[in-house]
Structures are given as C-alpha cells and as structure tokens.
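Enquirer: Contents of structure_32.cif (mmCIF, C-alpha atoms) are below:
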```cif
data_start
#
loop_
_atom_site.label_atom_id
_atom_site.label_comp_id
_atom_site.auth_asym_id
_atom_site.auth_seq_id
_atom_site.Cartn_x
_atom_site.Cartn_y
_atom_site.Cartn_z
CA MET A 174 11.17 -21.28 27.17
CA PRO A 175 10.13 -19.04 24.23
CA VAL A 176 7.12 -21.21 23.34
CA LEU A 177 5.66 -20.82 26.83
CA GLN A 178 6.42 -17.08 26.84
CA TRP A 179 4.72 -16.59 23.47
CA GLY A 180 1.74 -18.56 24.75
CA MET A 181 1.47 -16.38 27.85
CA LEU A 182 1.81 -13.25 25.70
CA CYS A 183 -1.04 -14.47 23.47
CA VAL A 184 -3.27 -15.13 26.49
CA LEU A 185 -2.58 -11.71 28.05
CA SER A 186 -3.10 -9.98 24.69
CA PHE A 187 -6.41 -11.79 24.24
CA LEU A 188 -7.66 -10.90 27.72
CA LEU A 189 -6.69 -7.24 27.39
CA SER A 190 -8.26 -7.01 23.93
CA ILE A 191 -11.51 -8.55 25.19
CA GLY A 192 -11.51 -6.06 28.05
CA PHE A 193 -10.96 -3.10 25.73
CA LEU A 194 -13.65 -4.37 23.35
CA GLY A 195 -15.98 -4.55 26.35
CA LEU A 196 -15.18 -0.90 27.07
CA HIS A 197 -15.90 -0.13 23.38
CA LEU A 198 -12.46 1.40 22.83
CA PRO A 199 -11.43 1.95 19.20
CA ALA A 200 -8.34 -0.04 18.14
CA ALA A 201 -8.87 -2.44 21.06
CA LEU A 202 -7.22 -5.22 19.06
CA LEU A 203 -4.10 -3.07 18.71
CA LEU A 204 -4.01 -1.72 22.27
CA GLY A 205 -4.31 -5.15 23.93
CA PRO A 206 -1.23 -6.73 22.29
CA MET A 207 0.70 -3.45 22.55
CA ILE A 208 0.20 -3.15 26.31
CA ALA A 209 0.83 -6.88 26.79
CA GLY A 210 4.11 -6.50 24.90
CA ILE A 211 5.15 -3.56 27.08
CA ILE A 212 4.37 -5.53 30.26
CA PHE A 213 6.44 -8.50 29.09
CA SER A 214 9.40 -6.42 27.91
CA MET A 215 9.47 -4.37 31.14
CA ARG A 216 9.61 -7.63 33.09
CA GLY A 217 12.75 -8.64 31.24
CA VAL A 218 11.17 -11.11 28.82
CA THR A 219 13.15 -10.90 25.57
CA LEU A 220 10.77 -11.80 22.77
CA GLN A 221 11.11 -10.46 19.25
CA LEU A 222 8.40 -10.59 16.61
CA PRO A 223 9.71 -12.29 13.44
CA ARG A 224 10.27 -9.73 10.69
CA SER A 225 8.17 -11.81 8.28
CA ALA A 226 5.15 -11.56 10.60
CA PHE A 227 5.46 -7.78 10.81
CA LEU A 228 5.82 -7.44 7.03
CA ALA A 229 2.76 -9.67 6.50
CA ALA A 230 0.77 -7.49 8.90
CA GLN A 231 1.81 -4.36 7.00
CA ALA A 232 0.71 -5.93 3.70
CA ILE A 233 -2.72 -6.75 5.17
CA LEU A 234 -3.04 -3.18 6.47
CA GLY A 235 -2.14 -1.90 3.01
CA CYS A 236 -5.04 -3.90 1.54
CA MET A 237 -7.34 -2.58 4.27
CA ILE A 238 -6.44 1.00 3.39
CA ALA A 239 -6.93 0.26 -0.32
CA GLN A 240 -10.55 -0.68 0.42
CA ASN A 241 -11.22 2.95 1.30
CA LEU A 242 -9.19 4.77 -1.36
CA THR A 243 -11.26 6.18 -4.20
CA GLY A 244 -10.71 8.65 -7.02
CA SER A 245 -12.68 11.29 -5.11
CA ILE A 246 -9.85 11.69 -2.61
CA LEU A 247 -7.57 13.00 -5.38
CA THR A 248 -10.19 15.64 -6.18
CA THR A 249 -10.40 16.61 -2.51
CA LEU A 250 -6.62 16.98 -2.25
CA ALA A 251 -6.40 18.91 -5.53
CA VAL A 252 -9.12 21.38 -4.53
CA ASN A 253 -7.53 21.94 -1.12
CA TRP A 254 -3.88 21.75 -2.23
CA PRO A 255 -2.80 25.03 -0.54
CA ILE A 256 -4.06 23.75 2.83
CA VAL A 257 -2.52 20.30 2.32
CA LEU A 258 0.82 21.87 1.34
CA ALA A 259 0.69 24.19 4.35
CA ILE A 260 0.08 21.22 6.68
CA LEU A 261 3.07 19.36 5.23
CA LEU A 262 5.36 22.40 5.51
CA VAL A 263 4.27 23.20 9.07
CA THR A 264 4.83 19.56 10.05
CA LEU A 265 8.34 19.55 8.57
CA LEU A 266 9.21 22.89 10.16
CA SER A 267 7.77 21.87 13.53
CA SER A 268 9.64 18.55 13.60
CA THR A 269 12.86 20.36 12.67
CA ILE A 270 12.46 22.93 15.45
CA VAL A 271 11.44 20.28 18.00
CA GLY A 272 14.39 18.09 16.99
CA TRP A 273 16.80 21.04 17.17
CA LEU A 274 15.61 22.02 20.64
CA LEU A 275 15.70 18.40 21.80
CA VAL A 276 19.33 17.95 20.78
CA ARG A 277 20.31 21.41 21.98
CA TYR A 278 18.91 20.98 25.48
CA SER A 279 19.48 17.28 26.13
CA SER A 280 22.31 14.76 26.13
CA LEU A 281 21.15 13.12 22.89
CA PRO A 282 23.56 12.98 19.94
CA GLY A 283 22.50 15.10 16.96
CA ASN A 284 21.71 12.25 14.55
CA THR A 285 19.78 10.31 17.18
CA GLY A 286 17.67 13.27 18.26
CA ALA A 287 16.93 14.25 14.67
CA TRP A 288 15.71 10.82 13.55
CA GLY A 289 13.97 10.11 16.85
CA SER A 290 11.83 13.23 16.55
CA SER A 291 10.89 12.78 12.85
CA PRO A 292 7.09 12.29 12.56
CA GLY A 293 7.14 9.63 9.86
CA GLY A 294 6.51 5.91 9.91
CA ALA A 295 8.36 4.61 12.97
CA ALA A 296 9.78 1.54 11.24
CA ALA A 297 10.94 3.62 8.26
CA MET A 298 12.63 6.20 10.51
CA VAL A 299 14.49 3.50 12.45
CA ALA A 300 15.69 1.87 9.23
CA MET A 301 16.93 5.18 7.79
CA ALA A 302 18.53 6.19 11.10
CA GLN A 303 20.66 3.05 10.98
CA ASP A 304 21.90 4.01 7.51
CA TYR A 305 22.96 7.45 8.78
CA GLY A 306 24.86 6.29 11.85
CA ALA A 307 22.37 7.12 14.61
CA ASP A 308 21.84 5.03 17.76
CA ILE A 309 18.97 2.93 16.43
CA ARG A 310 17.94 1.62 19.85
CA LEU A 311 17.39 5.15 21.17
CA VAL A 312 15.75 6.19 17.89
CA ALA A 313 13.42 3.18 18.12
CA PHE A 314 12.62 4.01 21.75
CA MET A 315 11.77 7.62 20.87
CA GLN A 316 9.73 6.65 17.81
CA TYR A 317 7.69 3.95 19.53
CA LEU A 318 7.22 6.05 22.66
CA ARG A 319 5.69 8.72 20.43
CA VAL A 320 3.56 6.09 18.68
CA LEU A 321 2.37 4.93 22.11
CA PHE A 322 1.27 8.45 23.06
CA VAL A 323 -0.21 9.10 19.61
CA ALA A 324 -2.23 5.88 19.83
CA GLY A 325 -3.46 6.70 23.33
CA ALA A 326 -4.42 10.26 22.40
CA ALA A 327 -6.08 9.17 19.15
CA VAL A 328 -8.09 6.49 20.93
CA LEU A 329 -9.28 9.04 23.51
CA VAL A 330 -10.23 11.56 20.82
CA THR A 331 -12.01 8.86 18.81
CA ARG A 332 -13.85 7.64 21.89
CA MET A 333 -14.97 11.16 22.78
CA MET A 334 -16.11 11.87 19.22
CA LEU A 335 -17.94 8.55 18.79
CA GLY A 336 -19.60 8.53 22.19
CA ASP A 337 -22.40 5.97 22.25
CA ASN A 338 -21.71 5.10 18.61
CA ALA A 339 -18.58 3.22 19.70
CA GLU A 340 -20.77 0.43 21.05
CA ALA A 341 -22.60 0.19 17.74
CA VAL A 342 -19.31 -0.09 15.84
CA ASN A 343 -18.17 -2.99 18.03
CA GLN A 344 -21.51 -4.78 17.76
CA GLN A 345 -21.27 -4.84 13.95
CA ILE A 346 -18.23 -7.15 14.00
CA VAL A 347 -18.65 -10.50 12.24
CA TRP A 348 -15.56 -12.50 13.10
CA PHE A 349 -15.80 -15.51 10.79
CA PRO A 350 -17.75 -14.82 7.57
CA PRO A 351 -17.87 -17.53 4.88
CA VAL A 352 -14.65 -17.93 2.89
CA SER A 353 -15.03 -16.51 -0.62
CA ILE A 354 -12.93 -16.14 -3.76
CA ASN A 355 -12.51 -12.43 -2.91
CA LEU A 356 -10.69 -13.33 0.30
CA LEU A 357 -8.30 -15.64 -1.58
CA LEU A 358 -7.63 -12.94 -4.19
CA THR A 359 -7.03 -10.38 -1.43
CA ILE A 360 -4.50 -12.65 0.27
CA LEU A 361 -2.81 -13.21 -3.11
CA LEU A 362 -2.68 -9.43 -3.60
CA ALA A 363 -1.12 -8.97 -0.15
CA VAL A 364 1.51 -11.65 -0.80
CA VAL A 365 2.50 -10.52 -4.30
CA ALA A 366 2.36 -6.75 -3.75
CA GLY A 367 3.92 -7.05 -0.29
CA THR A 368 6.81 -9.08 -1.74
CA VAL A 369 7.32 -6.47 -4.46
CA GLY A 370 7.35 -3.72 -1.83
CA CYS A 371 9.91 -5.65 0.18
CA LEU A 372 12.15 -6.30 -2.85
CA LEU A 373 12.03 -2.63 -3.86
CA ARG A 374 13.37 -1.76 -0.38
CA LEU A 375 11.02 1.20 -0.09
CA PRO A 376 10.44 2.41 3.49
CA SER A 377 7.05 0.96 4.48
CA GLY A 378 6.93 -0.51 0.96
CA THR A 379 5.24 -3.70 2.16
CA MET A 380 2.27 -1.54 3.14
CA LEU A 381 2.39 1.16 0.45
CA ILE A 382 2.64 -1.14 -2.61
CA PRO A 383 -0.39 -3.31 -1.59
CA MET A 384 -2.24 -0.08 -0.78
CA LEU A 385 -1.61 1.44 -4.22
CA ALA A 386 -2.04 -1.83 -6.15
CA GLY A 387 -5.23 -2.68 -4.29
CA ALA A 388 -6.70 0.78 -4.87
CA VAL A 389 -5.99 0.56 -8.62
CA LEU A 390 -7.37 -2.98 -8.96
CA GLN A 391 -10.49 -2.25 -6.93
CA SER A 392 -11.25 1.04 -8.69
CA GLY A 393 -10.95 -0.83 -11.99
CA GLN A 394 -13.40 -3.44 -10.64
CA LEU A 395 -10.82 -6.18 -11.19
CA ILE A 396 -10.99 -7.27 -7.55
CA THR A 397 -13.16 -6.74 -4.50
CA ILE A 398 -10.92 -6.54 -1.44
CA GLU A 399 -12.30 -8.64 1.41
CA LEU A 400 -10.67 -8.80 4.83
CA PRO A 401 -12.47 -10.74 7.58
CA GLU A 402 -12.10 -9.53 11.15
CA TRP A 403 -10.03 -12.54 12.22
CA LEU A 404 -7.38 -11.69 9.63
CA LEU A 405 -7.35 -8.01 10.58
CA ALA A 406 -7.10 -9.00 14.26
CA MET A 407 -3.95 -11.00 13.51
CA ALA A 408 -2.44 -8.02 11.67
CA TYR A 409 -3.35 -5.64 14.52
CA MET A 410 -1.81 -8.06 17.01
CA ALA A 411 1.47 -8.17 15.09
CA ILE A 412 1.64 -4.36 14.89
CA GLY A 413 0.85 -4.09 18.61
CA TRP A 414 3.53 -6.61 19.56
CA ARG A 415 6.05 -4.84 17.32
CA ILE A 416 5.50 -1.62 19.29
CA GLY A 417 5.16 -3.14 22.76
CA LEU A 418 8.12 -5.51 22.57
CA GLY A 419 10.32 -2.64 21.41
CA PHE A 420 10.51 -1.32 24.97
CA ASP A 421 12.98 -2.88 27.40
CA LYS A 422 14.65 -2.01 30.69
CA GLN A 423 18.11 -1.54 29.24
CA ILE A 424 17.15 1.07 26.67
CA LEU A 425 14.83 2.74 29.20
CA LEU A 426 17.78 3.19 31.58
CA ARG A 427 19.83 4.73 28.76
CA ALA A 428 16.97 7.10 27.96
CA LEU A 429 16.27 8.16 31.56
CA ARG A 430 18.52 11.21 31.48
CA PRO A 431 17.00 12.82 28.37
CA LEU A 432 13.52 11.37 29.05
CA PRO A 433 11.94 14.66 30.27
CA GLN A 434 13.10 16.43 27.10
CA ILE A 435 11.93 13.50 24.94
CA LEU A 436 8.47 13.59 26.53
CA LEU A 437 8.30 17.37 26.16
CA SER A 438 9.16 17.09 22.46
CA ILE A 439 6.44 14.46 21.96
CA PHE A 440 3.79 16.56 23.72
CA ALA A 441 4.84 19.64 21.74
CA LEU A 442 4.48 17.77 18.44
CA LEU A 443 1.10 16.38 19.52
CA ALA A 444 -0.10 19.87 20.45
CA ILE A 445 1.07 21.35 17.14
CA CYS A 446 -0.66 18.60 15.16
CA ALA A 447 -3.85 19.05 17.21
CA GLY A 448 -3.75 22.76 16.36
CA MET A 449 -3.41 21.93 12.66
CA ALA A 450 -6.35 19.53 12.99
CA TRP A 451 -8.48 22.35 14.38
CA GLY A 452 -7.46 24.46 11.38
CA LEU A 453 -8.43 21.67 8.97
CA THR A 454 -11.92 21.46 10.47
CA ARG A 455 -12.41 25.15 9.73
CA PHE A 456 -10.95 25.37 6.24
CA MET A 457 -11.74 21.92 4.78
CA HIS A 458 -15.05 21.52 6.65
CA ILE A 459 -14.30 18.02 7.90
CA ASP A 460 -14.96 16.48 11.31
CA PHE A 461 -12.31 16.85 14.01
CA MET A 462 -11.72 13.11 14.32
CA THR A 463 -10.74 12.84 10.65
CA ALA A 464 -8.60 15.99 10.90
CA TYR A 465 -6.85 14.79 14.06
CA LEU A 466 -6.01 11.37 12.64
CA ALA A 467 -4.88 12.94 9.35
CA THR A 468 -2.40 15.23 11.13
CA SER A 469 -1.33 13.04 14.08
CA PRO A 470 2.45 12.39 13.99
CA GLY A 471 2.57 8.71 12.97
CA GLY A 472 2.96 5.97 12.55
CA LEU A 473 1.07 5.23 9.41
CA ASP A 474 0.09 1.68 10.35
CA THR A 475 -1.08 2.64 13.86
CA VAL A 476 -3.23 5.50 12.57
CA ALA A 477 -4.73 3.16 9.95
CA VAL A 478 -5.80 0.70 12.66
CA ILE A 479 -7.38 3.45 14.78
CA ALA A 480 -9.13 5.01 11.78
CA ALA A 481 -10.58 1.61 10.85
CA GLY A 482 -12.24 1.43 14.27
CA SER A 483 -13.94 4.79 13.89
CA ASN A 484 -16.28 6.64 11.56
CA ALA A 485 -13.48 8.84 10.21
CA ASP A 486 -12.72 9.42 6.51
CA MET A 487 -10.09 6.71 6.00
CA ALA A 488 -9.23 7.84 2.45
CA LEU A 489 -8.40 11.43 3.44
CA ILE A 490 -6.48 10.30 6.53
CA MET A 491 -4.32 7.84 4.61
CA ALA A 492 -3.72 10.29 1.76
CA MET A 493 -2.47 12.95 4.20
CA GLN A 494 -0.42 10.48 6.22
CA THR A 495 1.18 8.98 3.09
CA LEU A 496 2.05 12.42 1.69
CA ARG A 497 3.67 13.34 4.98
CA LEU A 498 5.61 10.06 5.11
CA PHE A 499 7.05 10.68 1.65
CA SER A 500 7.91 14.29 2.51
CA ILE A 501 9.77 13.11 5.64
CA LEU A 502 11.59 10.40 3.66
CA LEU A 503 12.74 12.99 1.11
CA THR A 504 13.79 15.69 3.58
CA GLY A 505 14.80 13.55 6.59
CA PRO A 506 18.52 13.19 5.76
CA ALA A 507 18.93 16.95 5.14
CA ILE A 508 17.07 17.81 8.36
CA ALA A 509 19.19 15.32 10.32
CA ARG A 510 22.40 16.86 8.94
CA PHE A 511 21.17 20.36 9.81
CA ILE A 512 20.30 19.40 13.39
CA SER A 513 23.53 17.43 13.86
CA THR A 514 25.58 20.39 12.64
CA TYR A 515 23.89 23.33 14.33
CA ALA A 516 22.04 22.00 17.39
CA PRO A 517 24.79 20.48 19.62
CA LYS A 518 26.05 22.79 22.35
CA ARG A 519 29.40 24.36 21.62
CA SER A 520 32.11 23.75 24.20
CA ALA A 521 33.22 26.87 26.04
#
```
Written as structure tokens, how would this file's structure read?

Expert:
Amino acid sequence: MPVLQWGMLCVLSFLLSIGFLGLHLPAALLLGPMIAGIIFSMRGVTLQLPRSAFLAAQAILGCMIAQNLTGSILTTLAVNWPIVLAILLVTLLSSTIVGWLLVRYSSLPGNTGAWGSSPGGAAAMVAMAQDYGADIRLVAFMQYLRVLFVAGAAVLVTRMMLGDNAEAVNQQIVWFPPVSINLLLTILLAVVAGTVGCLLRLPSGTMLIPMLAGAVLQSGQLITIELPEWLLAMAYMAIGWRIGLGFDKQILLRALRPLPQILLSIFALLAICAGMAWGLTRFMHIDFMTAYLATSPGGLDTVAVIAAGSNADMALIMAMQTLRLFSILLTGPAIARFISTYAPKRSA
C-alpha cells in the first residue's frame, strides 16, 4: 500500500527532523528525510520520489541560492582567479586519479567507475552516465553514497565551527510568516525559470536557471525573493528522500565486492578537498566552514542546504560549486574515456 508507506515515511522523517533540530544540527530538515529514506529502502520498501517533486525542490533551492548571490562575489572571484583556477584543476586531476585507481584496483567497469567518482552534481552525473553507457544503478549508488558522507562530514564541520551559535540559528526560525506578494512572485519565478531549465535539458538546469534568473532580478530590484521555512522544509525533504530512497538491498549486494575501494576513493576525495579548504583559508582569508563547503565534492543541492543552515558565505560557496559543476560537465566525457581506456587491468 504505497499511500500507507508514504505516510509512514513522512512520520519517520518528521520525527527524525525534530530530533535533529533539538540537537541543533545544521541541515536537520535534510538529514531527517534522508536517513528515513535509507531505513525504508534497506527494509525493502520500494518507494520512488516523483521526478516532478524533485525538480520543484531544485527550483526552490535555486531561488534560495539567488537570495545570496550579489555582484561582489564576481569581484571576489576575479581578484582571486589564480586560486579559484587552481582549486578547479586540482579537483579535476584528483577525481581523475581517484577514478583511475578505483577502476584499476576494483571490479568496476571503466565507464561506471569514472562517472561514479566524478565530484559533480549527483543527479547530473547519473544522467550523463546513462548517455555514455555506464551502469547507472552503480553510478547512482556511488554518487549518493559520496553525497551521504559529504553531508555527514559537512554537518559535523559546521556543528564544530558554529558551536553554541547553532542553537541561536535554530531559534531564529519563523515557520509560517504572513503570505506576501513577494512569496507569490518567488513561486512564479521558480515555476517559470525551473520549467525553462527543464526544457533546455541542462544538467541541474532546474536549479541553475532559477538561481541565475533570481540573482539578476533581485540585483536589479525587480523582485525580492522570499522563501518561508515551510516551503524550504518541503524542498529539503524532497532532496533528502531523493538521496535516501536511492539506496536498496539489490544494488548494495552488487556493490559489496568493490565497496572497500569505493569507500577508500570517497575518503581520499574528501581528504583532498579538506586540504584545499585549508589552503583557501590561508590564501583567501575566509573561514574554514566556508572554504570546506566551497570545496566539498558535491552535490550542489546538498551543499546549498547545509550552507543555508550555517553562517557560511553562501555566495562564495555556490559560485565555487557551480564553477566546478560546469568544469566537470565539460571534461567528464573525456575523463571517462581516458579512465575506460587506460585504467582496466590488462589480461596476462
């Protein structure tokens, strides 16, 4: 009975989210549904979030990011362009090496290992992997397993950096403010720009087009983006379910053999990105939380949710994450071909 199962999933997600809010964890409204989804999928419950719900959530997140994008971020990136370029190149090189080693020393096919280890938007990587003949179920498992670890690590880092301020952030939440014309215009923006992004078939376009359109409209004072907490909570819930329900017993059994190598590749990428974050704090003089979220290996939507629950510089984080996503989209096919050609073990 899908209706009953969805109802039980909603209840468990709500209870976990309330518990995480009580613990003052950042991104509690993402973690609750995500963990609830994992519990249900591991118990053999086959629920799938409608694609329209996920796309709507991405459009709302795009508007949320647009709230924090200003012209000053372009100046920051321009002044520090050598550092930004170095971060992008190191990320591409690191993901290539990690993917090569993963395919070389595991039973994963070349295409699957290459796309599974790419640190871009998880949904975008899965979509592109399908176009290039990879095993999309294994790619999705690898991508969302990395997102799970990235989310957990980012939440821990954010919690450690915020300390007692985490409680203050949670206490500022106003769930149901009065409905205003700005909210209606924001929803219209999400619908129109999200639809355009979907029709253009850009990877993560339903988030990127509302993000860019919203930033332009708000900087031109044509609109004031307003997103009440109840609407954001629904978007976070959809993103969390998308990740959590992507895990199931069948694909886990298929991934058991290369699982140690997959985990090692994820931890290696996390460590490399953490090292780059430390470098950013020294050369760009920003706080470690902002640097860590800016360099963490995806996904874009998950990092956006975590950044929103912290005191980090959302504009810089999203600018860095978006630049990296586009760089991965442009170079991903070539990297996948390289790994597929040169990484597999040669028969004796």

Enquirer: Enter the distance from CA of Leu373 (chain A) to CA of Leu258 (chain A), in Å, rounded to one decimal.

Expert: 27.4 Å

Enquirer: To one decimal place, how far is CA of Glu399 (chain A) from CA of Thr359 (chain A) in Å?

Expert: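 Pair CA of Glu399 (chain A) / CA of Thr359 (chain A) returns 6.2 Å.
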
Enquirer: Quick check on the file I pasted: which residues fall under the PyMOL selection byres ((chain A and resi 315) around 12)? Write them as a VMD selection string.

Expert: chain A and resid 272 275 281 285 to 292 295 to 296 298 to 299 302 308 to 314 316 to 322 416 419 to 420 424 to 425 427 to 429 431 to 439

Enquirer: Hey, can you spit out that residue selection with C-alpha atoms as a PDB file, in the frame of the given file?

Expert:
```
ATOM      1  CA  GLY A 272      14.390  18.090  16.990  1.00  0.00           C
ATOM      2  CA  LEU A 275      15.700  18.400  21.800  1.00  0.00           C
ATOM      3  CA  LEU A 281      21.150  13.120  22.890  1.00  0.00           C
ATOM      4  CA  THR A 285      19.780  10.310  17.180  1.00  0.00           C
ATOM      5  CA  GLY A 286      17.670  13.270  18.260  1.00  0.00           C
ATOM      6  CA  ALA A 287      16.930  14.250  14.670  1.00  0.00           C
ATOM      7  CA  TRP A 288      15.710  10.820  13.550  1.00  0.00           C
ATOM      8  CA  GLY A 289      13.970  10.110  16.850  1.00  0.00           C
ATOM      9  CA  SER A 290      11.830  13.230  16.550  1.00  0.00           C
ATOM     10  CA  SER A 291      10.890  12.780  12.850  1.00  0.00           C
ATOM     11  CA  PRO A 292       7.090  12.290  12.560  1.00  0.00           C
ATOM     12  CA  ALA A 295       8.360   4.610  12.970  1.00  0.00           C
ATOM     13  CA  ALA A 296       9.780   1.540  11.240  1.00  0.00           C
ATOM     14  CA  MET A 298      12.630   6.200  10.510  1.00  0.00           C
ATOM     15  CA  VAL A 299      14.490   3.500  12.450  1.00  0.00           C
ATOM     16  CA  ALA A 302      18.530   6.190  11.100  1.00  0.00           C
ATOM     17  CA  ASP A 308      21.840   5.030  17.760  1.00  0.00           C
ATOM     18  CA  ILE A 309      18.970   2.930  16.430  1.00  0.00           C
ATOM     19  CA  ARG A 310      17.940   1.620  19.850  1.00  0.00           C
ATOM     20  CA  LEU A 311      17.390   5.150  21.170  1.00  0.00           C
ATOM     21  CA  VAL A 312      15.750   6.190  17.890  1.00  0.00           C
ATOM     22  CA  ALA A 313      13.420   3.180  18.120  1.00  0.00           C
ATOM     23  CA  PHE A 314      12.620   4.010  21.750  1.00  0.00           C
ATOM     24  CA  GLN A 316       9.730   6.650  17.810  1.00  0.00           C
ATOM     25  CA  TYR A 317       7.690   3.950  19.530  1.00  0.00           C
ATOM     26  CA  LEU A 318       7.220   6.050  22.660  1.00  0.00           C
ATOM     27  CA  ARG A 319       5.690   8.720  20.430  1.00  0.00           C
ATOM     28  CA  VAL A 320       3.560   6.090  18.680  1.00  0.00           C
ATOM     29  CA  LEU A 321       2.370   4.930  22.110  1.00  0.00           C
ATOM     30  CA  PHE A 322       1.270   8.450  23.060  1.00  0.00           C
ATOM     31  CA  ILE A 416       5.500  -1.620  19.290  1.00  0.00           C
ATOM     32  CA  GLY A 419      10.320  -2.640  21.410  1.00  0.00           C
ATOM     33  CA  PHE A 420      10.510  -1.320  24.970  1.00  0.00           C
ATOM     34  CA  ILE A 424      17.150   1.070  26.670  1.00  0.00           C
ATOM     35  CA  LEU A 425      14.830   2.740  29.200  1.00  0.00           C
ATOM     36  CA  ARG A 427      19.830   4.730  28.760  1.00  0.00           C
ATOM     37  CA  ALA A 428      16.970   7.100  27.960  1.00  0.00           C
ATOM     38  CA  LEU A 429      16.270   8.160  31.560  1.00  0.00           C
ATOM     39  CA  PRO A 431      17.000  12.820  28.370  1.00  0.00           C
ATOM     40  CA  LEU A 432      13.520  11.370  29.050  1.00  0.00           C
ATOM     41  CA  PRO A 433      11.940  14.660  30.270  1.00  0.00           C
ATOM     42  CA  GLN A 434      13.100  16.430  27.100  1.00  0.00           C
ATOM     43  CA  ILE A 435      11.930  13.500  24.940  1.00  0.00           C
ATOM     44  CA  LEU A 436       8.470  13.590  26.530  1.00  0.00           C
ATOM     45  CA  LEU A 437       8.300  17.370  26.160  1.00  0.00           C
ATOM     46  CA  SER A 438       9.160  17.090  22.460  1.00  0.00           C
ATOM     47  CA  ILE A 439       6.440  14.460  21.960  1.00  0.00           C
TER      48      ILE A 439
END
```

Enquirer: For CA of Ala388 (chain A) and CA of Cys446 (chain A), determine how far apart the two atoms are, in Å to one decimal place.

Expert: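 Here the two named atoms are 27.5 Å from each other.
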
Enquirer: Which is closer to Pro506 (chain A) than all the others in A:Met487, A:Ala492, A:Leu356, A:Met301, using all atoms listed in the file?

Expert: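 Looking only at the distances to Pro506 (chain A), the closest residue turns out to be A:Met301.
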
Enquirer: Once the PyMOL selection byres ((chain A and resi 470-482) around 9) has been applied to the shown file, what residues remain in the selection, as number ranges by chain?

Expert: A: 198-203, 231, 234-235, 237-238, 264, 291-296, 316-317, 319-320, 323-324, 327-328, 331, 339, 342-343, 377, 380, 409, 412-413, 442-443, 446, 462-463, 466-469, 483-487, 490-491, 494-495, 498

Enquirer: Select, from A:Leu496, A:Cys183, A:Ala444, A:Ala229, the residue with the minimum atom-to-atom distance to Leu361 (chain A), counting only C-alpha atoms.

Expert: A:Ala229

Enquirer: Mind checking which residues fall within 10 Å of Val369 (chain A), counting only C-alpha atoms, ignoring those fewer than 4 positions away in the same chain, and posting them as a compact mmCIF listing (two decimals) with C-alpha atoms, in the frame of the given file?

Expert:
```txt
# COMPACT_ATOMS: atom_id res chain seq x y z
CA ALA A 363 -1.12 -8.97 -0.15
CA VAL A 364 1.51 -11.65 -0.80
CA VAL A 365 2.50 -10.52 -4.30
CA LEU A 373 12.03 -2.63 -3.86
CA ARG A 374 13.37 -1.76 -0.38
CA LEU A 375 11.02 1.20 -0.09
CA GLY A 378 6.93 -0.51 0.96
CA THR A 379 5.24 -3.70 2.16
CA ILE A 382 2.64 -1.14 -2.61
CA PRO A 383 -0.39 -3.31 -1.59
```

Enquirer: Expanded to explicit residues, what is the PyMOL selection byres ((chain A and resi 211) around 9) for this file, as a count of residues only?

Expert: 17

Enquirer: Could you check the closest approach to Gly448 (chain A) for each of A:Leu390, A:Leu228, A:Val263, A:Leu177 and tell me which residue wins, using all atoms listed in the file?

Expert: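 The shortest atom-to-atom distance to Gly448 (chain A) comes from A:Val263.
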
Enquirer: Please list, as an MDAnalysis selection string, the residues that have an atom at most 10 Å away from (-15.9, 14.9, 17.9) in the coordinates of this file, counting only C-alpha atoms.

Expert: chainID A and resid 330:336 460:463 465

Enquirer: I want to know what sits within 9 Å of Leu185 (chain A), based on all atoms listed in the file, with residues of the same chain fewer than 4 positions away left out; could you give that as a PyMOL selection string?

Expert: chain A and resi 180-181+189-190+205-206+209

Enquirer: Would you give the centre and edge lengths, in Å to one decimal, of a box along x, y and z around the listed atoms of region 447-462 of chain A, with 4 Å added to each side, as lines of an AutoDock Vina configuration file?

Expert:
```
center_x = -9.2
center_y = 19.2
center_z = 11.0
size_x = 19.6
size_y = 20.3
size_z = 20.4
```

Enquirer: In terms of the shortest atom-to-atom distance over only C-alpha atoms, which of A:Val389, A:Gln394, A:Ala366, A:Ala464 is closest to Leu489 (chain A)?

Expert: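 Distance minimum relative to Leu489 (chain A) lands on A:Ala464.
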
Enquirer: Please determine, counting only C-alpha atoms, which residue among A:Leu395, A:Leu426, A:Ala411, A:Ala488 has the shortest atom-to-atom distance to Ser186 (chain A).

Expert: A:Ala411

Enquirer: Which residue is closest to Ile354 (chain A)? Choose from A:Leu372, A:Leu329, A:Thr243, A:Leu400 and count all atoms listed in the file.

Expert: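 Ranked by minimum distance to Ile354 (chain A), first place goes to A:Leu400.
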